[in-house]
Each structure stands twice: as C-alpha cells, then as structure tokens.
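Participant: One file: my_file-v1.cif (mmCIF, C-alpha atoms).
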data_my_file
loop_
_atom_site.group_PDB
_atom_site.id
_atom_site.type_symbol
_atom_site.label_atom_id
_atom_site.label_comp_id
_atom_site.auth_asym_id
_atom_site.auth_seq_id
_atom_site.Cartn_x
_atom_site.Cartn_y
_atom_site.Cartn_z
ATOM 1 C CA MET A 1 14.542 4.410 -2.027
ATOM 2 C CA MET A 2 16.807 2.736 -4.606
ATOM 3 C CA GLN A 3 19.687 5.112 -5.210
ATOM 4 C CA ARG A 4 21.821 2.856 -7.410
ATOM 5 C CA GLY A 5 21.531 -0.234 -9.559
ATOM 6 C CA GLU A 6 18.620 -1.915 -11.273
ATOM 7 C CA GLY A 7 16.273 -4.855 -10.899
ATOM 8 C CA ALA A 8 12.587 -5.715 -10.728
ATOM 9 C CA LEU A 9 9.949 -5.243 -8.052
ATOM 10 C CA LEU A 10 7.128 -7.759 -7.618
ATOM 11 C CA ILE A 11 3.797 -6.187 -6.631
ATOM 12 C CA GLU A 12 1.188 -8.919 -6.199
ATOM 13 C CA GLU A 13 1.486 -10.999 -9.411
ATOM 14 C CA ARG A 14 3.424 -8.576 -11.598
ATOM 15 C CA TRP A 15 7.121 -7.798 -11.970
ATOM 16 C CA HIS A 16 8.040 -4.155 -12.596
ATOM 17 C CA PRO A 17 11.556 -3.602 -13.959
ATOM 18 C CA PHE A 18 13.339 -0.459 -12.780
ATOM 19 C CA VAL A 19 16.566 1.466 -13.032
ATOM 20 C CA ALA A 20 17.605 3.623 -10.077
ATOM 21 C CA PRO A 21 16.991 6.173 -8.785
ATOM 22 C CA ILE A 22 13.428 5.341 -7.770
ATOM 23 C CA LEU A 23 11.249 5.780 -4.706
ATOM 24 C CA ILE A 24 9.163 2.743 -3.715
ATOM 25 C CA VAL A 25 6.037 3.000 -1.561
ATOM 26 C CA MET A 26 4.876 -0.345 -0.166
ATOM 27 C CA PRO A 27 1.810 -0.397 2.150
ATOM 28 C CA PRO A 28 1.386 -3.180 4.729
ATOM 29 C CA ARG A 29 0.424 -6.686 3.627
ATOM 30 C CA VAL A 30 0.973 -6.111 -0.080
ATOM 31 C CA VAL A 31 2.639 -9.235 -1.497
ATOM 32 C CA HIS A 32 5.949 -8.075 -2.919
ATOM 33 C CA GLY A 33 9.498 -9.152 -3.668
ATOM 34 C CA PHE A 34 12.703 -8.045 -5.372
ATOM 35 C CA ARG A 35 15.152 -9.231 -8.008
ATOM 36 C CA LEU A 36 18.190 -6.998 -7.675
ATOM 37 C CA ALA A 37 21.348 -6.726 -9.709
ATOM 38 C CA GLU A 38 24.586 -6.786 -7.740
ATOM 39 C CA GLY A 39 25.306 -3.460 -6.093
ATOM 40 C CA THR A 40 21.682 -2.273 -6.135
ATOM 41 C CA GLY A 41 20.499 -0.589 -2.950
ATOM 42 C CA GLY A 42 19.492 2.438 -0.956
ATOM 43 C CA PRO A 43 17.880 3.475 2.336
ATOM 44 C CA VAL A 44 14.672 1.858 3.622
ATOM 45 C CA ILE A 45 12.191 3.288 6.131
ATOM 46 C CA THR A 46 9.709 0.906 7.772
ATOM 47 C CA VAL A 47 6.857 2.678 9.555
ATOM 48 C CA ALA A 48 4.512 1.079 12.090
ATOM 49 C CA GLU A 49 0.861 1.423 11.080
ATOM 50 C CA ALA A 50 -0.024 3.322 14.245
ATOM 51 C CA PHE A 51 2.752 5.872 13.614
ATOM 52 C CA HIS A 52 1.686 6.131 9.975
ATOM 53 C CA ARG A 53 -1.859 6.998 11.067
ATOM 54 C CA GLU A 54 -0.535 9.653 13.445
ATOM 55 C CA ILE A 55 1.420 11.312 10.648
ATOM 56 C CA ALA A 56 -1.503 11.059 8.207
ATOM 57 C CA ALA A 57 -3.650 12.865 10.785
ATOM 58 C CA VAL A 58 -1.407 15.940 10.875
ATOM 59 C CA VAL A 59 -0.677 16.451 7.176
ATOM 60 C CA GLU A 60 -3.019 18.182 4.736
ATOM 61 C CA PRO A 61 -6.067 15.961 4.105
ATOM 62 C CA ALA A 62 -5.383 15.997 0.354
ATOM 63 C CA ILE A 63 -2.156 14.011 0.853
ATOM 64 C CA ALA A 64 -3.108 11.882 3.862
ATOM 65 C CA GLY A 65 -3.567 8.778 1.716
ATOM 66 C CA VAL A 66 -0.573 9.275 -0.545
ATOM 67 C CA LEU A 67 1.299 6.296 0.958
ATOM 68 C CA ASP A 68 -1.700 3.950 0.940
ATOM 69 C CA VAL A 69 -1.085 2.603 -2.564
ATOM 70 C CA ALA A 70 1.872 0.487 -3.725
ATOM 71 C CA GLN A 71 3.812 2.526 -6.245
ATOM 72 C CA ILE A 72 7.140 3.088 -7.965
ATOM 73 C CA ILE A 73 8.110 6.726 -8.477
ATOM 74 C CA HIS A 74 10.886 7.316 -10.971
ATOM 75 C CA LEU A 75 13.299 10.031 -9.883
ATOM 76 C CA ASP A 76 15.222 12.513 -11.992
ATOM 77 C CA PRO A 77 18.748 12.874 -10.565
ATOM 78 C CA GLY A 78 18.696 16.556 -11.527
ATOM 79 C CA ASP A 79 15.332 17.327 -9.912
ATOM 80 C CA PRO A 80 15.582 19.251 -6.596
ATOM 81 C CA LEU A 81 12.832 16.977 -5.221
ATOM 82 C CA THR A 82 15.163 14.002 -5.630
ATOM 83 C CA ALA A 83 17.770 15.761 -3.497
ATOM 84 C CA GLU A 84 15.070 16.598 -0.945
ATOM 85 C CA ALA A 85 14.007 12.950 -0.767
ATOM 86 C CA THR A 86 17.600 11.820 -0.232
ATOM 87 C CA ALA A 87 18.044 14.405 2.520
ATOM 88 C CA ALA A 88 14.744 13.402 4.198
ATOM 89 C CA PHE A 89 15.800 9.747 4.345
ATOM 90 C CA ALA A 90 19.144 10.786 5.812
ATOM 91 C CA ARG A 91 17.463 12.905 8.500
ATOM 92 C CA VAL A 92 15.163 10.064 9.560
ATOM 93 C CA GLU A 93 18.117 7.680 9.778
ATOM 94 C CA HIS A 94 20.115 10.204 11.792
ATOM 95 C CA GLU A 95 17.313 10.715 14.316
ATOM 96 C CA TYR A 96 16.804 6.955 14.621
ATOM 97 C CA ARG A 97 20.467 6.146 15.180
ATOM 98 C CA TRP A 98 21.378 9.072 17.434
ATOM 99 C CA PRO A 99 18.364 9.891 19.621
ATOM 100 C CA ARG A 100 18.325 13.369 21.079
ATOM 101 C CA VAL A 101 15.847 15.724 22.711
ATOM 102 C CA ALA A 102 12.453 15.798 20.898
ATOM 103 C CA ARG A 103 13.407 12.821 18.749
ATOM 104 C CA LEU A 104 9.804 11.753 18.114
ATOM 105 C CA THR A 105 8.798 15.268 17.092
ATOM 106 C CA ALA A 106 11.721 15.474 14.692
ATOM 107 C CA MET A 107 10.973 12.082 13.130
ATOM 108 C CA THR A 108 7.286 12.968 12.780
ATOM 109 C CA ALA A 109 8.227 16.187 10.988
ATOM 110 C CA ASP A 110 10.633 14.358 8.684
ATOM 111 C CA MET A 111 8.046 11.692 7.867
ATOM 112 C CA ALA A 112 5.430 14.368 7.173
ATOM 113 C CA ALA A 113 7.944 15.922 4.776
ATOM 114 C CA LEU A 114 8.154 12.575 2.970
ATOM 115 C CA PHE A 115 4.354 12.583 2.554
ATOM 116 C CA VAL A 116 4.701 15.989 0.905
ATOM 117 C CA LEU A 117 7.570 14.840 -1.313
ATOM 118 C CA VAL A 118 5.686 11.775 -2.540
ATOM 119 C CA ALA A 119 2.627 13.935 -3.303
ATOM 120 C CA ARG A 120 4.758 16.461 -5.200
ATOM 121 C CA LEU A 121 6.618 13.787 -7.147
ATOM 122 C CA ARG A 122 3.335 12.153 -8.108
ATOM 123 C CA ALA A 123 1.979 15.540 -9.171
ATOM 124 C CA GLU A 124 5.034 16.088 -11.369
ATOM 125 C CA GLN A 125 4.317 12.749 -13.038
ATOM 126 C CA GLY A 126 0.679 13.628 -13.632
ATOM 127 C CA GLU A 127 -0.802 11.831 -10.619
ATOM 128 C CA ALA A 128 -2.001 14.663 -8.422
ATOM 129 C CA ALA A 129 -3.772 13.815 -5.170
ATOM 130 C CA PRO A 130 -7.589 14.050 -5.148
ATOM 131 C CA ALA A 131 -9.663 16.604 -3.270
ATOM 132 C CA ASP A 132 -9.565 16.854 0.502
ATOM 133 C CA GLY A 133 -12.956 15.430 1.505
ATOM 134 C CA PRO A 134 -12.906 12.207 -0.555
ATOM 135 C CA THR A 135 -9.265 11.560 0.324
ATOM 136 C CA ARG A 136 -9.906 11.920 4.035
ATOM 137 C CA LEU A 137 -12.917 9.593 3.902
ATOM 138 C CA PHE A 138 -11.121 7.076 1.702
ATOM 139 C CA THR A 139 -8.111 7.011 4.043
ATOM 140 C CA ALA A 140 -10.361 6.361 7.045
ATOM 141 C CA PHE A 141 -12.122 3.622 5.077
ATOM 142 C CA ARG A 142 -8.825 1.963 4.115
ATOM 143 C CA HIS A 143 -7.679 1.890 7.737
ATOM 144 C CA LEU A 144 -11.017 0.370 8.771
ATOM 145 C CA VAL A 145 -10.747 -2.245 6.029
ATOM 146 C CA GLU A 146 -7.360 -3.231 7.440
ATOM 147 C CA GLU A 147 -9.053 -3.908 10.773
ATOM 148 C CA ARG A 148 -12.177 -5.650 9.464
ATOM 149 C CA TYR A 149 -11.477 -7.251 6.085
ATOM 150 C CA ALA A 150 -11.424 -10.775 7.572
ATOM 151 C CA GLY A 151 -14.910 -10.412 9.044
ATOM 152 C CA PRO A 152 -18.471 -10.358 7.763
ATOM 153 C CA TRP A 153 -18.761 -6.558 7.411
ATOM 154 C CA THR A 154 -20.719 -5.249 4.427
ATOM 155 C CA VAL A 155 -20.365 -1.863 2.729
ATOM 156 C CA ALA A 156 -23.319 -0.738 4.840
ATOM 157 C CA ASP A 157 -21.418 -1.669 8.014
ATOM 158 C CA TYR A 158 -18.370 0.347 6.919
ATOM 159 C CA ALA A 159 -20.507 3.331 5.965
ATOM 160 C CA ARG A 160 -22.298 3.218 9.310
ATOM 161 C CA ALA A 161 -18.998 3.051 11.215
ATOM 162 C CA LEU A 162 -17.730 6.072 9.255
ATOM 163 C CA ALA A 163 -21.017 7.961 9.758
ATOM 164 C CA VAL A 164 -21.649 8.425 6.032
ATOM 165 C CA THR A 165 -24.066 7.028 3.487
ATOM 166 C CA GLN A 166 -23.079 4.136 1.249
ATOM 167 C CA GLY A 167 -23.378 6.461 -1.720
ATOM 168 C CA ARG A 168 -20.921 8.945 -0.257
ATOM 169 C CA LEU A 169 -18.466 6.183 0.650
ATOM 170 C CA ASN A 170 -18.620 4.726 -2.848
ATOM 171 C CA ALA A 171 -18.195 8.178 -4.385
ATOM 172 C CA ALA A 172 -15.039 8.774 -2.302
ATOM 173 C CA CYS A 173 -13.599 5.389 -3.276
ATOM 174 C CA ARG A 174 -14.286 5.966 -6.956
ATOM 175 C CA ARG A 175 -12.806 9.462 -6.791
ATOM 176 C CA VAL A 176 -9.525 8.212 -5.342
ATOM 177 C CA THR A 177 -9.187 4.729 -6.893
ATOM 178 C CA ARG A 178 -11.910 4.435 -9.580
ATOM 179 C CA SER A 179 -13.154 1.356 -7.679
ATOM 180 C CA SER A 180 -16.238 0.800 -5.528
ATOM 181 C CA ALA A 181 -16.037 0.250 -1.779
ATOM 182 C CA LEU A 182 -17.007 -3.398 -2.251
ATOM 183 C CA ALA A 183 -14.273 -3.896 -4.851
ATOM 184 C CA ILE A 184 -11.705 -2.479 -2.419
ATOM 185 C CA ILE A 185 -12.888 -4.807 0.356
ATOM 186 C CA HIS A 186 -12.753 -7.791 -2.002
ATOM 187 C CA ALA A 187 -9.321 -6.776 -3.289
ATOM 188 C CA ARG A 188 -7.977 -6.641 0.267
ATOM 189 C CA ARG A 189 -9.380 -10.080 1.074
ATOM 190 C CA LEU A 190 -7.960 -11.428 -2.180
ATOM 191 C CA THR A 191 -4.518 -9.982 -1.396
ATOM 192 C CA GLU A 192 -4.504 -11.681 1.991
ATOM 193 C CA ALA A 193 -5.741 -14.925 0.460
ATOM 194 C CA LYS A 194 -2.830 -14.883 -2.001
ATOM 195 C CA ARG A 195 -0.365 -14.130 0.772
ATOM 196 C CA LEU A 196 -1.618 -16.966 2.978
ATOM 197 C CA LEU A 197 -1.772 -19.445 0.114
ATOM 198 C CA ARG A 198 1.735 -18.683 -1.042
ATOM 199 C CA TYR A 199 3.561 -18.027 2.233
ATOM 200 C CA SER A 200 1.789 -20.127 4.873
ATOM 201 C CA MET A 201 1.087 -23.810 5.458
ATOM 202 C CA MET A 202 -2.679 -23.275 5.715
ATOM 203 C CA THR A 203 -4.962 -25.363 3.546
ATOM 204 C CA ALA A 204 -7.321 -23.538 1.187
ATOM 205 C CA SER A 205 -10.180 -24.283 3.607
ATOM 206 C CA GLU A 206 -8.223 -22.841 6.530
ATOM 207 C CA VAL A 207 -7.508 -19.718 4.491
ATOM 208 C CA ALA A 208 -11.206 -19.430 3.719
ATOM 209 C CA TYR A 209 -12.228 -19.619 7.378
ATOM 210 C CA THR A 210 -9.432 -17.234 8.420
ATOM 211 C CA LEU A 211 -10.774 -14.634 5.994
ATOM 212 C CA GLY A 212 -14.344 -14.969 7.216
ATOM 213 C CA PHE A 213 -15.755 -17.195 4.468
ATOM 214 C CA LYS A 214 -18.242 -19.633 5.949
ATOM 215 C CA ASP A 215 -18.055 -21.975 2.961
ATOM 216 C CA PRO A 216 -14.692 -23.017 1.430
ATOM 217 C CA ALA A 217 -16.483 -23.745 -1.852
ATOM 218 C CA TYR A 218 -17.685 -20.145 -2.017
ATOM 219 C CA PHE A 219 -14.143 -18.965 -1.263
ATOM 220 C CA SER A 220 -12.871 -21.099 -4.134
ATOM 221 C CA ARG A 221 -15.418 -19.525 -6.498
ATOM 222 C CA PHE A 222 -14.555 -16.048 -5.169
ATOM 223 C CA PHE A 223 -10.865 -16.701 -5.866
ATOM 224 C CA LEU A 224 -11.511 -18.268 -9.294
ATOM 225 C CA THR A 225 -13.680 -15.359 -10.445
ATOM 226 C CA ARG A 226 -10.989 -12.806 -9.596
ATOM 227 C CA THR A 227 -7.833 -14.665 -10.594
ATOM 228 C CA GLY A 228 -8.907 -17.191 -13.216
ATOM 229 C CA GLU A 229 -7.651 -20.149 -11.179
ATOM 230 C CA ARG A 230 -8.527 -22.180 -8.096
ATOM 231 C CA PRO A 231 -6.646 -21.557 -4.813
ATOM 232 C CA GLY A 232 -4.793 -24.870 -5.147
ATOM 233 C CA ALA A 233 -3.581 -24.037 -8.657
ATOM 234 C CA PHE A 234 -2.424 -20.606 -7.517
ATOM 235 C CA ARG A 235 -0.465 -22.132 -4.654
ATOM 236 C CA GLY A 236 1.199 -24.602 -6.975
ATOM 237 C CA ARG A 237 2.951 -22.063 -9.174
ATOM 238 C CA GLY A 238 5.349 -19.176 -8.620
ATOM 239 C CA PRO A 239 4.763 -15.464 -9.366
ATOM 240 C CA ALA A 240 4.376 -14.591 -13.031
ATOM 241 C CA ALA A 241 7.368 -12.713 -14.418
ATOM 242 C CA THR A 242 5.387 -10.220 -16.500
ATOM 243 C CA GLU A 243 6.678 -6.739 -17.162
ATOM 244 C CA ARG A 244 4.947 -3.501 -16.432
#
Now that the file is in, can you turn its structure into structure tokens?

Facilitator:
Amino acid sequence: MMQRGEGALLIEERWHPFVAPILIVMPPRVVHGFRLAEGTGGPVITVAEAFHREIAAVVEPAIAGVLDVAQIIHLDPGDPLTAEATAAFARVEHEYRWPRVARLTAMTADMAALFVLVARLRAEQGEAAPADGPTRLFTAFRHLVEERYAGPWTVADYARALAVTQGRLNAACRRVTRSSALAIIHARRLTEAKRLLRYSMMTASEVAYTLGFKDPAYFSRFFLTRTGERPGAFRGRGPAATER
C-alpha cells in the first residue's frame, strides 16, 4: 500500500504511473519493479503461497481469487474503505511484531478482511468479482498451473485433475479473465520465460528446457509469436517505459 508519494510500477513490460494513495496487489512470480520519487512509501505485506491458499479457502468463493491478478487500486483518501485498508495493514503488522495468544487466527482474520476490502474496492471501481462457481474453479486452476506450468500438461490434464470437463474449465477461465485455459497456461510459461531471460544467467536453450520445451527452436517460435521478438533480443534490452 503506497500511502504517500508518487512513481511508476512495472508489471511485466509496462510501466504504470501512480500517485498515492494506492493499493498494489502483486501475485507470485509476476515480473515487476518500481521507480519511486523521494519520500514515497507505505506498508507491505508478503504472504506465503500456502498461507494465501488457506485464507482463500475460508473466504466467500466469489472473492477467493481476488488477489490472483496483478493490479493497482486507486484509493480515495475520503473513502471509509481507504481507512479500513490502512487499519487492516496496521493490525497485521501489530500481530506480526508482537505475537500474542491466537496470533495465527488473528492474522488469518485480518488477511481475510483484506480480501474483502480488495473485492469491495474493485466493485466500487466497476470491477466486481465474478460468480462463485467459476471463481472457485478458476482459482483452483490457477494454483494448479503454478505447480505444473513447467511440465507437459495439456488442458485435458488440468481438467482431469480438477474433475471437470475441458469445456467447463474454459468457460470458468473466460468468465473470470476472458481468456481460455490454454492462453492462461501459455501466459504463465511466457511470464516465467521473461523472468529467467532477464534475471538469470541461463541461456535461451536452458530456459526452454527448464520450462518443459523439448525443442529450443520451438520455444523461440513460441516466444516470438507472443512478444514479437526472439528470446535473445528480449534479453538484450531493458523494460519498455510505456505508460498505462
């Protein structure tokens, strides 16, 4: 949560300028960065994936996936929800720094409250959460993709593991993200490919094998089709400073 200042947030290849106060949601493994003016700052909560899944399991299904997408939520200083968000961050920090009886229960409750706040803030900005069933299925799919994106699994494999048909899985993905299940799998592999190319010493071939591609040439075509450039060209330049 940025409570003061201004700057820009990099999400994948795009810079998003902002002026505080804002609430930033950043899921795991999304390539991101900051350019901050002097004095810009605010509290940060980092949540382990396992703990995140536990919280998502106890909140209403309609909001279980509300933190699964990178997003910037602009806050109105006069909105009561902004005050609630500030108070929720303070409570989590207090429980973390001064552990007392039932600390985990208290932190779980405070984090669940943040799920609710993000859902309500999104709803205020015209981005209401989808219906319960598709959201629950999509959230389970996203967690499974995180475990299996570097392997040879097909959409059929994911659907079978989730005990649904491919049609139902695709319908849930399109309801929540307007993308097919295959597009989501490919997007996750592409995100990891970008991260490894930019922030590791792996060669393009090593990245390909790490992500489950049997043929580096196919990986190069996969990358070119989705980004407009070869892996080597992508590695050789910095992030584009485009505005939102």

Participant: Would you mind reading off the distance between CA of Arg136 in chain A and CA of Gln71 in chain A, one decimal, in Å?

Facilitator: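 Separation of CA of Arg136 in chain A and CA of Gln71 in chain A: 19.5 Å.
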
Participant: Point out the residue among A:Ala37, A:Ala119, A:Met201, A:Ala8 with the least atom-to-atom distance to Ala62 in chain A, counting only C-alpha atoms.

Facilitator: A:Ala119

Participant: Restricting the calculation to only C-alpha atoms: of A:Gly236, A:Gly212, A:Pro152, A:Gly65, which residue gets closest to Thr135 in chain A?

Facilitator: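 Using only C-alpha atoms, the shortest distance to Thr135 in chain A belongs to A:Gly65.
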
Participant: Output the residue selection produced by the PyMOL selection byres ((chain A and resi 3) around 6) on the file above, formatted as a list in words.

Facilitator: Met2, Arg4, Ala20, Pro21 and Gly42 of chain A

Participant: Would you compute the box with edges along x, y and z of the file around range 117-122 of chain A, including every atom the file lists for it and 8 Å extra on each side, and give its centre and edge lengths in Å to one decimal, as lines of an AutoDock Vina configuration file?

Facilitator:
center_x = 5.1
center_y = 14.1
center_z = -4.7
size_x = 20.9
size_y = 20.7
size_z = 22.8

Participant: Near range 110-113 of chain A, within 10 Å and counting only C-alpha atoms, which residues show up once chain neighbours fewer than 4 positions away are dropped, as a PDB file with C-alpha atoms, keeping the file's coordinate frame?

Facilitator:
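So the final result, stored in part_24.pdb, reads:
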ATOM      1  CA  ILE A  45      12.191   3.288   6.131  1.00  0.00           C
ATOM      2  CA  VAL A  47       6.857   2.678   9.555  1.00  0.00           C
ATOM      3  CA  PHE A  51       2.752   5.872  13.614  1.00  0.00           C
ATOM      4  CA  HIS A  52       1.686   6.131   9.975  1.00  0.00           C
ATOM      5  CA  GLU A  54      -0.535   9.653  13.445  1.00  0.00           C
ATOM      6  CA  ILE A  55       1.420  11.312  10.648  1.00  0.00           C
ATOM      7  CA  ALA A  56      -1.503  11.059   8.207  1.00  0.00           C
ATOM      8  CA  ALA A  57      -3.650  12.865  10.785  1.00  0.00           C
ATOM      9  CA  VAL A  58      -1.407  15.940  10.875  1.00  0.00           C
ATOM     10  CA  VAL A  59      -0.677  16.451   7.176  1.00  0.00           C
ATOM     11  CA  GLU A  60      -3.019  18.182   4.736  1.00  0.00           C
ATOM     12  CA  ILE A  63      -2.156  14.011   0.853  1.00  0.00           C
ATOM     13  CA  ALA A  64      -3.108  11.882   3.862  1.00  0.00           C
ATOM     14  CA  GLU A  84      15.070  16.598  -0.945  1.00  0.00           C
ATOM     15  CA  ALA A  85      14.007  12.950  -0.767  1.00  0.00           C
ATOM     16  CA  ALA A  87      18.044  14.405   2.520  1.00  0.00           C
ATOM     17  CA  ALA A  88      14.744  13.402   4.198  1.00  0.00           C
ATOM     18  CA  PHE A  89      15.800   9.747   4.345  1.00  0.00           C
ATOM     19  CA  ALA A  90      19.144  10.786   5.812  1.00  0.00           C
ATOM     20  CA  ARG A  91      17.463  12.905   8.500  1.00  0.00           C
ATOM     21  CA  VAL A  92      15.163  10.064   9.560  1.00  0.00           C
ATOM     22  CA  GLU A  95      17.313  10.715  14.316  1.00  0.00           C
ATOM     23  CA  LEU A 104       9.804  11.753  18.114  1.00  0.00           C
ATOM     24  CA  THR A 105       8.798  15.268  17.092  1.00  0.00           C
ATOM     25  CA  ALA A 106      11.721  15.474  14.692  1.00  0.00           C
ATOM     26  CA  LEU A 117       7.570  14.840  -1.313  1.00  0.00           C
ATOM     27  CA  VAL A 118       5.686  11.775  -2.540  1.00  0.00           C
ATOM     28  CA  ALA A 119       2.627  13.935  -3.303  1.00  0.00           C
TER      29      ALA A 119
END

Participant: Could you name the residues that touch range 213-225 of chain A at 8 Å or less, counting all atoms listed in the file, but leaving out those on the same chain fewer than 5 positions away, as a PyMOL selection string?

Facilitator: chain A and resi 190+204-205+208+230-231

Participant: Let's have the selection written as a JSON list (two decimals), keeping the file's coordinate frame, with C-alpha atoms.

Facilitator:
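Everything below was put into result_28.json:
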[["chain", "number", "residue", "atom", "x", "y", "z"],
["A", 190, "LEU", "CA", -7.96, -11.43, -2.18],
["A", 204, "ALA", "CA", -7.32, -23.54, 1.19],
["A", 205, "SER", "CA", -10.18, -24.28, 3.61],
["A", 208, "ALA", "CA", -11.21, -19.43, 3.72],
["A", 230, "ARG", "CA", -8.53, -22.18, -8.10],
["A", 231, "PRO", "CA", -6.65, -21.56, -4.81]]

Participant: Could you name the residues that touch His143 in chain A at 10 Å or less, counting only C-alpha atoms, but leaving out those on the same chain fewer than 4 positions away, as a PyMOL selection string?

Facilitator: chain A and resi 49+53+68+138-139+147-148

Participant: Would you kindly return, as a PyMOL selection string, each protein, DNA or RNA residue with an atom no farther than 10 Å from any atom of Leu144 in chain A, considering only C-alpha atoms and excluding same-chain residues fewer than 6 positions away?

Facilitator: chain A and resi 138+158+161-162

Participant: Please measure the separation of CA of Val207 in chain A and CA of Gly232 in chain A, giving the value in Å to one decimal.

Facilitator: 11.3 Å

Participant: Can you list, as an MDAnalysis selection string, the residues that the PyMOL selection byres ((chain A and resi 22) around 12) selects here?

Facilitator: chainID A and resid 1:9 16:21 23:25 40:44 71:77 81:82 85:86 118 121

Participant: To one decimal in Å, tell me the separation between CA of Leu211 in chain A and CA of Ala172 in chain A.

Facilitator: 25.2 Å

Participant: Since the input has fewer atoms than a full residue there, write range 9-23 of chain A out with N, CA and C atoms, as an mmCIF file, in the coordinates of the input.

Facilitator:
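Below you can see out32.cif, which holds the result:
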data_model
loop_
_atom_site.group_PDB
_atom_site.id
_atom_site.type_symbol
_atom_site.label_atom_id
_atom_site.label_comp_id
_atom_site.auth_asym_id
_atom_site.auth_seq_id
_atom_site.Cartn_x
_atom_site.Cartn_y
_atom_site.Cartn_z
ATOM 1 N N LEU A 9 10.753 -5.208 -9.271
ATOM 2 C CA LEU A 9 9.949 -5.243 -8.052
ATOM 3 C C LEU A 9 8.661 -5.996 -8.330
ATOM 4 N N LEU A 10 8.373 -7.009 -7.519
ATOM 5 C CA LEU A 10 7.128 -7.759 -7.618
ATOM 6 C C LEU A 10 6.074 -7.084 -6.750
ATOM 7 N N ILE A 11 4.956 -6.695 -7.361
ATOM 8 C CA ILE A 11 3.797 -6.187 -6.631
ATOM 9 C C ILE A 11 2.638 -7.106 -6.975
ATOM 10 N N GLU A 12 2.185 -7.875 -5.988
ATOM 11 C CA GLU A 12 1.188 -8.919 -6.199
ATOM 12 C C GLU A 12 1.717 -9.908 -7.238
ATOM 13 N N GLU A 13 1.110 -9.980 -8.427
ATOM 14 C CA GLU A 13 1.486 -10.999 -9.411
ATOM 15 C C GLU A 13 2.304 -10.442 -10.568
ATOM 16 N N ARG A 14 2.802 -9.217 -10.444
ATOM 17 C CA ARG A 14 3.424 -8.576 -11.598
ATOM 18 C C ARG A 14 4.801 -8.037 -11.269
ATOM 19 N N TRP A 15 5.771 -8.318 -12.126
ATOM 20 C CA TRP A 15 7.121 -7.798 -11.970
ATOM 21 C C TRP A 15 7.255 -6.467 -12.705
ATOM 22 N N HIS A 16 7.839 -5.479 -12.022
ATOM 23 C CA HIS A 16 8.040 -4.155 -12.596
ATOM 24 C C HIS A 16 9.540 -3.876 -12.670
ATOM 25 N N PRO A 17 10.125 -3.899 -13.855
ATOM 26 C CA PRO A 17 11.556 -3.602 -13.959
ATOM 27 C C PRO A 17 11.831 -2.136 -13.645
ATOM 28 N N PHE A 18 12.992 -1.841 -13.104
ATOM 29 C CA PHE A 18 13.339 -0.459 -12.780
ATOM 30 C C PHE A 18 14.839 -0.239 -12.903
ATOM 31 N N VAL A 19 15.184 1.009 -13.083
ATOM 32 C CA VAL A 19 16.566 1.466 -13.032
ATOM 33 C C VAL A 19 16.604 2.627 -12.058
ATOM 34 N N ALA A 20 17.515 2.571 -11.081
ATOM 35 C CA ALA A 20 17.605 3.623 -10.077
ATOM 36 C C ALA A 20 18.024 4.945 -10.744
ATOM 37 N N PRO A 21 17.624 6.071 -10.094
ATOM 38 C CA PRO A 21 16.991 6.173 -8.785
ATOM 39 C C PRO A 21 15.465 6.102 -8.860
ATOM 40 N N ILE A 22 14.878 5.411 -7.885
ATOM 41 C CA ILE A 22 13.428 5.341 -7.770
ATOM 42 C C ILE A 22 13.046 5.417 -6.285
ATOM 43 N N LEU A 23 11.808 5.795 -6.051
ATOM 44 C CA LEU A 23 11.249 5.780 -4.706
ATOM 45 C C LEU A 23 10.118 4.761 -4.711
#
